[in-house]
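Coordinates from final29.tsv are shown below (TSV, N, CA and C atoms).
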```
chain	number	residue	atom	x	y	z
M	1	MET	N	20.56	-25.36	-32.42
M	1	MET	CA	20.26	-26.04	-31.19
M	1	MET	C	21.06	-25.37	-30.06
M	2	ASN	N	20.41	-25.20	-28.91
M	2	ASN	CA	21.06	-24.56	-27.77
M	2	ASN	C	22.00	-25.52	-27.06
M	3	THR	N	23.12	-24.99	-26.66
M	3	THR	CA	24.05	-25.81	-25.88
M	3	THR	C	23.59	-25.82	-24.43
M	4	ARG	N	24.17	-26.72	-23.66
M	4	ARG	CA	23.82	-26.81	-22.24
M	4	ARG	C	24.13	-25.50	-21.52
M	5	LYS	N	25.25	-24.87	-21.88
M	5	LYS	CA	25.63	-23.61	-21.25
M	5	LYS	C	24.59	-22.53	-21.54
M	6	GLU	N	24.14	-22.43	-22.80
M	6	GLU	CA	23.14	-21.43	-23.15
M	6	GLU	C	21.83	-21.68	-22.40
M	7	LEU	N	21.41	-22.93	-22.30
M	7	LEU	CA	20.19	-23.26	-21.56
M	7	LEU	C	20.33	-22.88	-20.09
M	8	THR	N	21.48	-23.17	-19.51
M	8	THR	CA	21.72	-22.83	-18.11
M	8	THR	C	21.68	-21.33	-17.91
M	9	GLU	N	22.27	-20.59	-18.82
M	9	GLU	CA	22.24	-19.13	-18.72
M	9	GLU	C	20.82	-18.59	-18.82
M	10	ASN	N	20.01	-19.18	-19.71
M	10	ASN	CA	18.62	-18.75	-19.84
M	10	ASN	C	17.84	-19.04	-18.57
M	11	ILE	N	18.05	-20.20	-17.97
M	11	ILE	CA	17.37	-20.54	-16.73
M	11	ILE	C	17.79	-19.59	-15.62
M	12	CYS	N	19.09	-19.27	-15.55
M	12	CYS	CA	19.57	-18.34	-14.53
M	12	CYS	C	18.95	-16.97	-14.72
M	13	GLU	N	18.74	-16.55	-15.96
M	13	GLU	CA	18.09	-15.27	-16.22
M	13	GLU	C	16.66	-15.27	-15.70
M	14	LEU	N	15.97	-16.41	-15.81
M	14	LEU	CA	14.61	-16.51	-15.30
M	14	LEU	C	14.58	-16.44	-13.78
M	15	ASP	N	15.64	-16.89	-13.13
M	15	ASP	CA	15.71	-16.87	-11.68
M	15	ASP	C	15.98	-15.48	-11.13
M	16	ARG	N	16.34	-14.55	-11.98
M	16	ARG	CA	16.65	-13.20	-11.53
M	16	ARG	C	15.50	-12.27	-11.93
M	17	GLY	N	15.24	-11.33	-11.08
M	17	GLY	CA	14.21	-10.35	-11.41
M	17	GLY	C	14.84	-9.20	-12.16
M	18	ARG	N	14.18	-8.05	-12.13
M	18	ARG	CA	14.70	-6.87	-12.81
M	18	ARG	C	15.99	-6.38	-12.21
M	19	SER	N	16.17	-6.63	-10.90
M	19	SER	CA	17.37	-6.12	-10.24
M	19	SER	C	18.61	-6.93	-10.58
M	20	GLY	N	18.42	-8.12	-11.17
M	20	GLY	CA	19.56	-8.97	-11.49
M	20	GLY	C	19.99	-9.86	-10.34
M	21	LYS	N	19.35	-9.70	-9.18
M	21	LYS	CA	19.69	-10.53	-8.03
M	21	LYS	C	18.97	-11.87	-8.14
M	22	LYS	N	19.63	-12.92	-7.75
M	22	LYS	CA	19.01	-14.24	-7.78
M	22	LYS	C	17.96	-14.32	-6.68
M	23	MET	N	16.76	-14.72	-7.05
M	23	MET	CA	15.67	-14.86	-6.10
M	23	MET	C	15.71	-16.28	-5.52
M	24	ASN	N	15.58	-16.37	-4.22
M	24	ASN	CA	15.44	-17.69	-3.61
M	24	ASN	C	14.47	-17.59	-2.44
M	25	SER	N	13.99	-18.73	-2.02
M	25	SER	CA	12.94	-18.75	-1.00
M	25	SER	C	13.43	-18.19	0.33
M	26	GLU	N	14.70	-18.38	0.67
M	26	GLU	CA	15.20	-17.87	1.94
M	26	GLU	C	15.13	-16.34	1.99
M	27	LYS	N	15.50	-15.69	0.89
M	27	LYS	CA	15.45	-14.23	0.84
M	27	LYS	C	14.01	-13.73	0.94
M	28	ILE	N	13.12	-14.42	0.26
M	28	ILE	CA	11.72	-14.01	0.27
M	28	ILE	C	11.13	-14.20	1.66
M	29	LEU	N	11.40	-15.34	2.29
M	29	LEU	CA	10.88	-15.59	3.64
M	29	LEU	C	11.46	-14.63	4.66
M	30	GLU	N	12.74	-14.33	4.56
M	30	GLU	CA	13.37	-13.38	5.47
M	30	GLU	C	12.78	-11.99	5.28
M	31	SER	N	12.52	-11.62	4.04
M	31	SER	CA	11.91	-10.33	3.76
M	31	SER	C	10.51	-10.25	4.35
M	32	ALA	N	9.77	-11.34	4.26
M	32	ALA	CA	8.42	-11.37	4.84
M	32	ALA	C	8.49	-11.23	6.36
M	33	ARG	N	9.52	-11.82	6.98
M	33	ARG	CA	9.70	-11.69	8.43
M	33	ARG	C	10.06	-10.26	8.81
M	34	VAL	N	10.92	-9.63	8.03
M	34	VAL	CA	11.31	-8.25	8.32
M	34	VAL	C	10.09	-7.33	8.27
M	35	LEU	N	9.22	-7.56	7.28
M	35	LEU	CA	8.02	-6.74	7.15
M	35	LEU	C	6.86	-7.23	8.03
M	36	GLU	N	7.10	-8.34	8.74
M	36	GLU	CA	6.09	-8.93	9.63
M	36	GLU	C	4.80	-9.24	8.89
M	37	LEU	N	4.92	-9.92	7.74
M	37	LEU	CA	3.76	-10.29	6.94
M	37	LEU	C	3.22	-11.64	7.40
M	38	HIS	N	1.92	-11.83	7.22
M	38	HIS	CA	1.29	-13.12	7.51
M	38	HIS	C	1.59	-14.08	6.38
M	39	ASP	N	1.11	-15.32	6.52
M	39	ASP	CA	1.34	-16.32	5.47
M	39	ASP	C	0.75	-15.90	4.13
M	40	ARG	N	-0.36	-15.19	4.18
M	40	ARG	CA	-0.98	-14.66	2.97
M	40	ARG	C	-1.19	-13.18	3.17
M	41	ALA	N	-0.81	-12.40	2.17
M	41	ALA	CA	-0.97	-10.94	2.26
M	41	ALA	C	-1.30	-10.39	0.88
M	42	SER	N	-2.20	-9.43	0.86
M	42	SER	CA	-2.52	-8.75	-0.40
M	42	SER	C	-1.43	-7.71	-0.67
M	43	LEU	N	-1.42	-7.19	-1.88
M	43	LEU	CA	-0.45	-6.14	-2.21
M	43	LEU	C	-0.66	-4.93	-1.32
M	44	GLN	N	-1.92	-4.61	-1.02
M	44	GLN	CA	-2.20	-3.47	-0.15
M	44	GLN	C	-1.67	-3.72	1.26
M	45	GLU	N	-1.80	-4.93	1.78
M	45	GLU	CA	-1.28	-5.26	3.11
M	45	GLU	C	0.24	-5.18	3.14
M	46	ILE	N	0.88	-5.60	2.05
M	46	ILE	CA	2.33	-5.51	1.97
M	46	ILE	C	2.77	-4.04	2.00
M	47	LYS	N	2.12	-3.22	1.19
M	47	LYS	CA	2.45	-1.80	1.14
M	47	LYS	C	2.20	-1.13	2.49
M	48	ASP	N	1.08	-1.46	3.12
M	48	ASP	CA	0.76	-0.86	4.42
M	48	ASP	C	1.79	-1.25	5.48
M	49	ALA	N	2.19	-2.52	5.50
M	49	ALA	CA	3.19	-2.98	6.47
M	49	ALA	C	4.52	-2.27	6.23
M	50	TYR	N	4.91	-2.14	4.98
M	50	TYR	CA	6.16	-1.46	4.63
M	50	TYR	C	6.13	0.00	5.09
M	51	ARG	N	5.06	0.69	4.77
M	51	ARG	CA	4.95	2.11	5.13
M	51	ARG	C	4.94	2.30	6.64
M	52	GLU	N	4.23	1.42	7.34
M	52	GLU	CA	4.16	1.52	8.80
M	52	GLU	C	5.53	1.32	9.43
M	53	LYS	N	6.25	0.28	8.98
M	53	LYS	CA	7.59	0.01	9.53
M	53	LYS	C	8.57	1.11	9.15
M	54	LEU	N	8.48	1.58	7.92
M	54	LEU	CA	9.39	2.63	7.48
M	54	LEU	C	9.15	3.92	8.24
M	55	TYR	N	7.91	4.22	8.51
M	55	TYR	CA	7.56	5.41	9.28
M	55	TYR	C	8.14	5.30	10.69
M	56	MET	N	8.06	4.10	11.26
M	56	MET	CA	8.54	3.88	12.62
M	56	MET	C	10.08	3.95	12.70
M	57	TRP	N	10.77	3.41	11.67
M	57	TRP	CA	12.23	3.30	11.73
M	57	TRP	C	12.97	4.38	10.95
M	58	HIS	N	12.27	5.29	10.33
M	58	HIS	CA	12.94	6.30	9.52
M	58	HIS	C	13.89	7.13	10.40
M	59	PRO	N	15.13	7.36	9.93
M	59	PRO	CA	16.12	8.08	10.74
M	59	PRO	C	15.69	9.49	11.17
M	60	ASP	N	14.84	10.13	10.41
M	60	ASP	CA	14.37	11.47	10.80
M	60	ASP	C	13.43	11.42	12.00
M	61	ARG	N	12.76	10.29	12.19
M	61	ARG	CA	11.81	10.16	13.29
M	61	ARG	C	12.44	9.47	14.51
M	62	CYS	N	13.39	8.62	14.28
M	62	CYS	CA	13.99	7.82	15.35
M	62	CYS	C	15.26	8.52	15.82
M	63	LYS	N	15.19	9.18	16.96
M	63	LYS	CA	16.32	9.98	17.44
M	63	LYS	C	17.22	9.23	18.42
M	64	LYS	N	16.73	8.14	19.00
M	64	LYS	CA	17.49	7.44	20.04
M	64	LYS	C	18.78	6.81	19.53
M	65	ASN	N	18.68	6.07	18.43
M	65	ASN	CA	19.83	5.38	17.89
M	65	ASN	C	19.82	5.52	16.36
M	66	PRO	N	20.37	6.60	15.83
M	66	PRO	CA	20.30	6.86	14.40
M	66	PRO	C	20.94	5.77	13.53
M	67	GLU	N	22.01	5.15	14.01
M	67	GLU	CA	22.68	4.10	13.23
M	67	GLU	C	21.79	2.87	13.09
M	68	LEU	N	21.16	2.47	14.20
M	68	LEU	CA	20.24	1.33	14.16
M	68	LEU	C	19.06	1.63	13.24
M	69	CYS	N	18.54	2.84	13.33
M	69	CYS	CA	17.40	3.24	12.50
M	69	CYS	C	17.78	3.24	11.02
M	70	ALA	N	18.94	3.76	10.70
M	70	ALA	CA	19.40	3.78	9.30
M	70	ALA	C	19.57	2.36	8.78
M	71	ASP	N	20.14	1.48	9.60
M	71	ASP	CA	20.33	0.08	9.21
M	71	ASP	C	18.98	-0.61	9.00
M	72	MET	N	18.05	-0.38	9.91
M	72	MET	CA	16.73	-0.99	9.80
M	72	MET	C	15.98	-0.45	8.59
M	73	THR	N	16.14	0.82	8.29
M	73	THR	CA	15.50	1.41	7.11
M	73	THR	C	16.02	0.75	5.84
M	74	LYS	N	17.32	0.51	5.77
M	74	LYS	CA	17.90	-0.18	4.61
M	74	LYS	C	17.34	-1.59	4.48
M	75	LYS	N	17.22	-2.30	5.62
M	75	LYS	CA	16.67	-3.65	5.60
M	75	LYS	C	15.22	-3.65	5.13
M	76	LEU	N	14.45	-2.69	5.59
M	76	LEU	CA	13.04	-2.61	5.19
M	76	LEU	C	12.91	-2.33	3.69
M	77	ILE	N	13.71	-1.42	3.18
M	77	ILE	CA	13.65	-1.09	1.76
M	77	ILE	C	14.04	-2.30	0.92
M	78	GLU	N	15.11	-2.99	1.32
M	78	GLU	CA	15.54	-4.18	0.59
M	78	GLU	C	14.48	-5.28	0.66
M	79	ALA	N	13.90	-5.48	1.83
M	79	ALA	CA	12.86	-6.50	1.99
M	79	ALA	C	11.65	-6.19	1.11
M	80	TYR	N	11.24	-4.94	1.09
M	80	TYR	CA	10.10	-4.54	0.27
M	80	TYR	C	10.39	-4.76	-1.21
M	81	GLU	N	11.59	-4.42	-1.65
M	81	GLU	CA	11.96	-4.62	-3.05
M	81	GLU	C	11.93	-6.10	-3.42
M	82	ILE	N	12.43	-6.95	-2.54
M	82	ILE	CA	12.43	-8.40	-2.80
M	82	ILE	C	11.01	-8.93	-2.88
M	83	ILE	N	10.17	-8.54	-1.92
M	83	ILE	CA	8.78	-9.01	-1.92
M	83	ILE	C	8.04	-8.52	-3.16
M	84	MET	N	8.21	-7.26	-3.51
M	84	MET	CA	7.52	-6.72	-4.68
M	84	MET	C	8.02	-7.37	-5.97
M	85	GLU	N	9.29	-7.67	-6.04
M	85	GLU	CA	9.82	-8.34	-7.22
M	85	GLU	C	9.23	-9.74	-7.32
M	86	TYR	N	9.14	-10.42	-6.18
M	86	TYR	CA	8.51	-11.74	-6.15
M	86	TYR	C	7.06	-11.64	-6.61
M	87	CYS	N	6.31	-10.66	-6.11
M	87	CYS	CA	4.91	-10.49	-6.50
M	87	CYS	C	4.77	-10.13	-7.97
M	88	ASN	N	5.64	-9.29	-8.47
M	88	ASN	CA	5.56	-8.87	-9.86
M	88	ASN	C	5.92	-9.99	-10.84
M	89	ASN	N	6.69	-10.96	-10.40
M	89	ASN	CA	7.08	-12.07	-11.26
M	89	ASN	C	6.19	-13.30	-11.08
M	90	HIS	N	5.23	-13.21	-10.15
M	90	HIS	CA	4.32	-14.33	-9.91
M	90	HIS	C	3.31	-14.42	-11.04
M	91	ARG	N	3.00	-15.62	-11.45
M	91	ARG	CA	2.00	-15.82	-12.50
M	91	ARG	C	0.66	-16.12	-11.84
M	92	TYR	N	-0.31	-15.29	-12.12
M	92	TYR	CA	-1.63	-15.44	-11.52
M	92	TYR	C	-2.50	-16.32	-12.41
M	93	PRO	N	-3.25	-17.24	-11.79
M	93	PRO	CA	-4.13	-18.10	-12.59
M	93	PRO	C	-5.39	-17.35	-13.00
M	94	PHE	N	-5.81	-17.54	-14.24
M	94	PHE	CA	-7.03	-16.93	-14.73
M	94	PHE	C	-8.00	-17.97	-15.25
M	95	SER	N	-7.86	-19.20	-14.77
M	95	SER	CA	-8.84	-20.22	-15.13
M	95	SER	C	-10.07	-20.01	-14.26
M	96	GLU	N	-11.21	-20.40	-14.78
M	96	GLU	CA	-12.46	-20.20	-14.05
M	96	GLU	C	-12.43	-20.88	-12.69
M	97	VAL	N	-11.89	-22.08	-12.63
M	97	VAL	CA	-11.84	-22.83	-11.37
M	97	VAL	C	-11.00	-22.11	-10.33
M	98	GLU	N	-9.83	-21.63	-10.72
M	98	GLU	CA	-8.94	-20.94	-9.78
M	98	GLU	C	-9.53	-19.62	-9.31
M	99	ILE	N	-10.18	-18.90	-10.21
M	99	ILE	CA	-10.79	-17.63	-9.82
M	99	ILE	C	-11.92	-17.88	-8.83
M	100	ARG	N	-12.74	-18.88	-9.10
M	100	ARG	CA	-13.83	-19.19	-8.18
M	100	ARG	C	-13.30	-19.58	-6.80
M	101	LYS	N	-12.21	-20.37	-6.78
M	101	LYS	CA	-11.63	-20.77	-5.50
M	101	LYS	C	-11.11	-19.57	-4.72
M	102	SER	N	-10.57	-18.60	-5.40
M	102	SER	CA	-9.95	-17.48	-4.71
M	102	SER	C	-10.95	-16.43	-4.23
M	103	ILE	N	-12.11	-16.31	-4.89
M	103	ILE	CA	-13.02	-15.23	-4.50
M	103	ILE	C	-14.33	-15.70	-3.90
M	104	GLU	N	-14.67	-16.94	-4.05
M	104	GLU	CA	-15.96	-17.41	-3.57
M	104	GLU	C	-15.78	-18.38	-2.42
M	105	PHE	N	-16.63	-18.21	-1.42
M	105	PHE	CA	-16.69	-19.19	-0.34
M	105	PHE	C	-18.01	-19.92	-0.50
M	106	GLU	N	-17.94	-21.22	-0.52
M	106	GLU	CA	-19.14	-22.02	-0.71
M	106	GLU	C	-19.48	-22.73	0.59
M	107	ASP	N	-20.70	-22.54	1.04
M	107	ASP	CA	-21.09	-23.20	2.28
M	107	ASP	C	-21.18	-24.71	2.03
M	108	PRO	N	-21.05	-25.54	3.06
M	108	PRO	CA	-21.01	-27.00	2.89
M	108	PRO	C	-22.25	-27.58	2.21
M	109	GLU	N	-23.43	-27.05	2.49
M	109	GLU	CA	-24.65	-27.58	1.86
M	109	GLU	C	-24.65	-27.34	0.35
M	110	SER	N	-24.21	-26.16	-0.08
M	110	SER	CA	-24.14	-25.87	-1.51
M	110	SER	C	-23.10	-26.75	-2.20
M	111	PHE	N	-21.97	-26.95	-1.52
M	111	PHE	CA	-20.94	-27.82	-2.08
M	111	PHE	C	-21.50	-29.22	-2.27
M	112	TRP	N	-22.18	-29.75	-1.26
M	112	TRP	CA	-22.72	-31.11	-1.32
M	112	TRP	C	-23.75	-31.22	-2.45
M	113	GLU	N	-24.61	-30.20	-2.56
M	113	GLU	CA	-25.63	-30.20	-3.61
M	113	GLU	C	-24.98	-30.16	-4.99
M	114	ARG	N	-23.97	-29.30	-5.14
M	114	ARG	CA	-23.28	-29.19	-6.43
M	114	ARG	C	-22.54	-30.47	-6.77
M	115	ARG	N	-21.92	-31.07	-5.78
M	115	ARG	CA	-21.08	-32.25	-6.00
M	115	ARG	C	-21.89	-33.51	-6.24
M	116	PHE	N	-22.96	-33.71	-5.45
M	116	PHE	CA	-23.68	-34.98	-5.51
M	116	PHE	C	-25.12	-34.83	-5.99
M	117	GLY	N	-25.62	-33.63	-6.08
M	117	GLY	CA	-26.99	-33.42	-6.57
M	117	GLY	C	-28.03	-34.01	-5.64
M	118	ASN	N	-29.10	-34.50	-6.21
M	118	ASN	CA	-30.18	-35.08	-5.43
M	118	ASN	C	-30.11	-36.59	-5.40
M	119	ASP	N	-28.95	-37.14	-5.44
M	119	ASP	CA	-28.78	-38.59	-5.44
M	119	ASP	C	-29.28	-39.16	-4.11
M	120	PRO	N	-30.28	-40.06	-4.15
M	120	PRO	CA	-30.85	-40.60	-2.91
M	120	PRO	C	-29.85	-41.44	-2.10
M	121	TYR	N	-28.83	-41.96	-2.76
M	121	TYR	CA	-27.86	-42.77	-2.02
M	121	TYR	C	-26.98	-41.93	-1.09
M	122	TRP	N	-26.95	-40.64	-1.32
M	122	TRP	CA	-26.12	-39.75	-0.50
M	122	TRP	C	-26.92	-39.04	0.58
M	123	GLY	N	-28.16	-39.40	0.73
M	123	GLY	CA	-28.94	-38.87	1.84
M	123	GLY	C	-29.70	-37.61	1.52
M	124	ALA	N	-29.70	-37.16	0.28
M	124	ALA	CA	-30.47	-35.97	-0.07
M	124	ALA	C	-31.95	-36.34	-0.18
M	125	THR	N	-32.81	-35.42	0.15
M	125	THR	CA	-34.25	-35.71	0.07
M	125	THR	C	-34.86	-35.07	-1.16
```

What would you get if you wrote out this structure as structure tokens?
Amino acid sequence: MNTRKELTENICELDRGRSGKKMNSEKILESARVLELHDRASLQEIKDAYREKLYMWHPDRCKKNPELCADMTKKLIEAYEIIMEYCNNHRYPFSEVEIRKSIEFEDPESFWERRFGNDPYWGAT
């Protein structure tokens, strides 16, 4: 039987990604702000935002203030690593209902027909 300490250590291991850093919502949200991500972003959008910002702030391209550029480049790299670790540890649903919700848009008439059918009490003809 596991002791409380062993269980706590196992839970703490689950809270850490491959880097060993503890993941928390504040770090993830701050990373999303650094990369200027929307509330929902695909992996491709995340990569594109990272590359665009890194291209803009890379010390070889930014000649005005090299220290600021180097600092911003480090922030961007760290933010991208945190976001990617979060994405890689996310569990994606593969149930039929969840997949349909994520890829299909149903117009209101089809929804009503599917939900209530031709029931005369609901106004269908």

For stretch 31-46 of chain M, please output as a ChimeraX atom specification all residues within 12 Å (counting only C-alpha atoms; exclusion window: fewer than 2 positions along the same chain).
-> /M:23-29,48-54,56-57,72-88

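The interatomic distance for the pair atom CA of M:Tyr121 and atom CA of M:Glu109 works out to 16.0 Å.
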
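Atom N of M:Asn118 is found 25.7 Å from atom CA of M:Ser102.
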
Atom-to-atom span, atom CA of M:Ile99 and atom CA of M:Arg115, Å |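 So the two atoms, atom CA of M:Ile99 and atom CA of M:Arg115, lie 18.3 Å apart.
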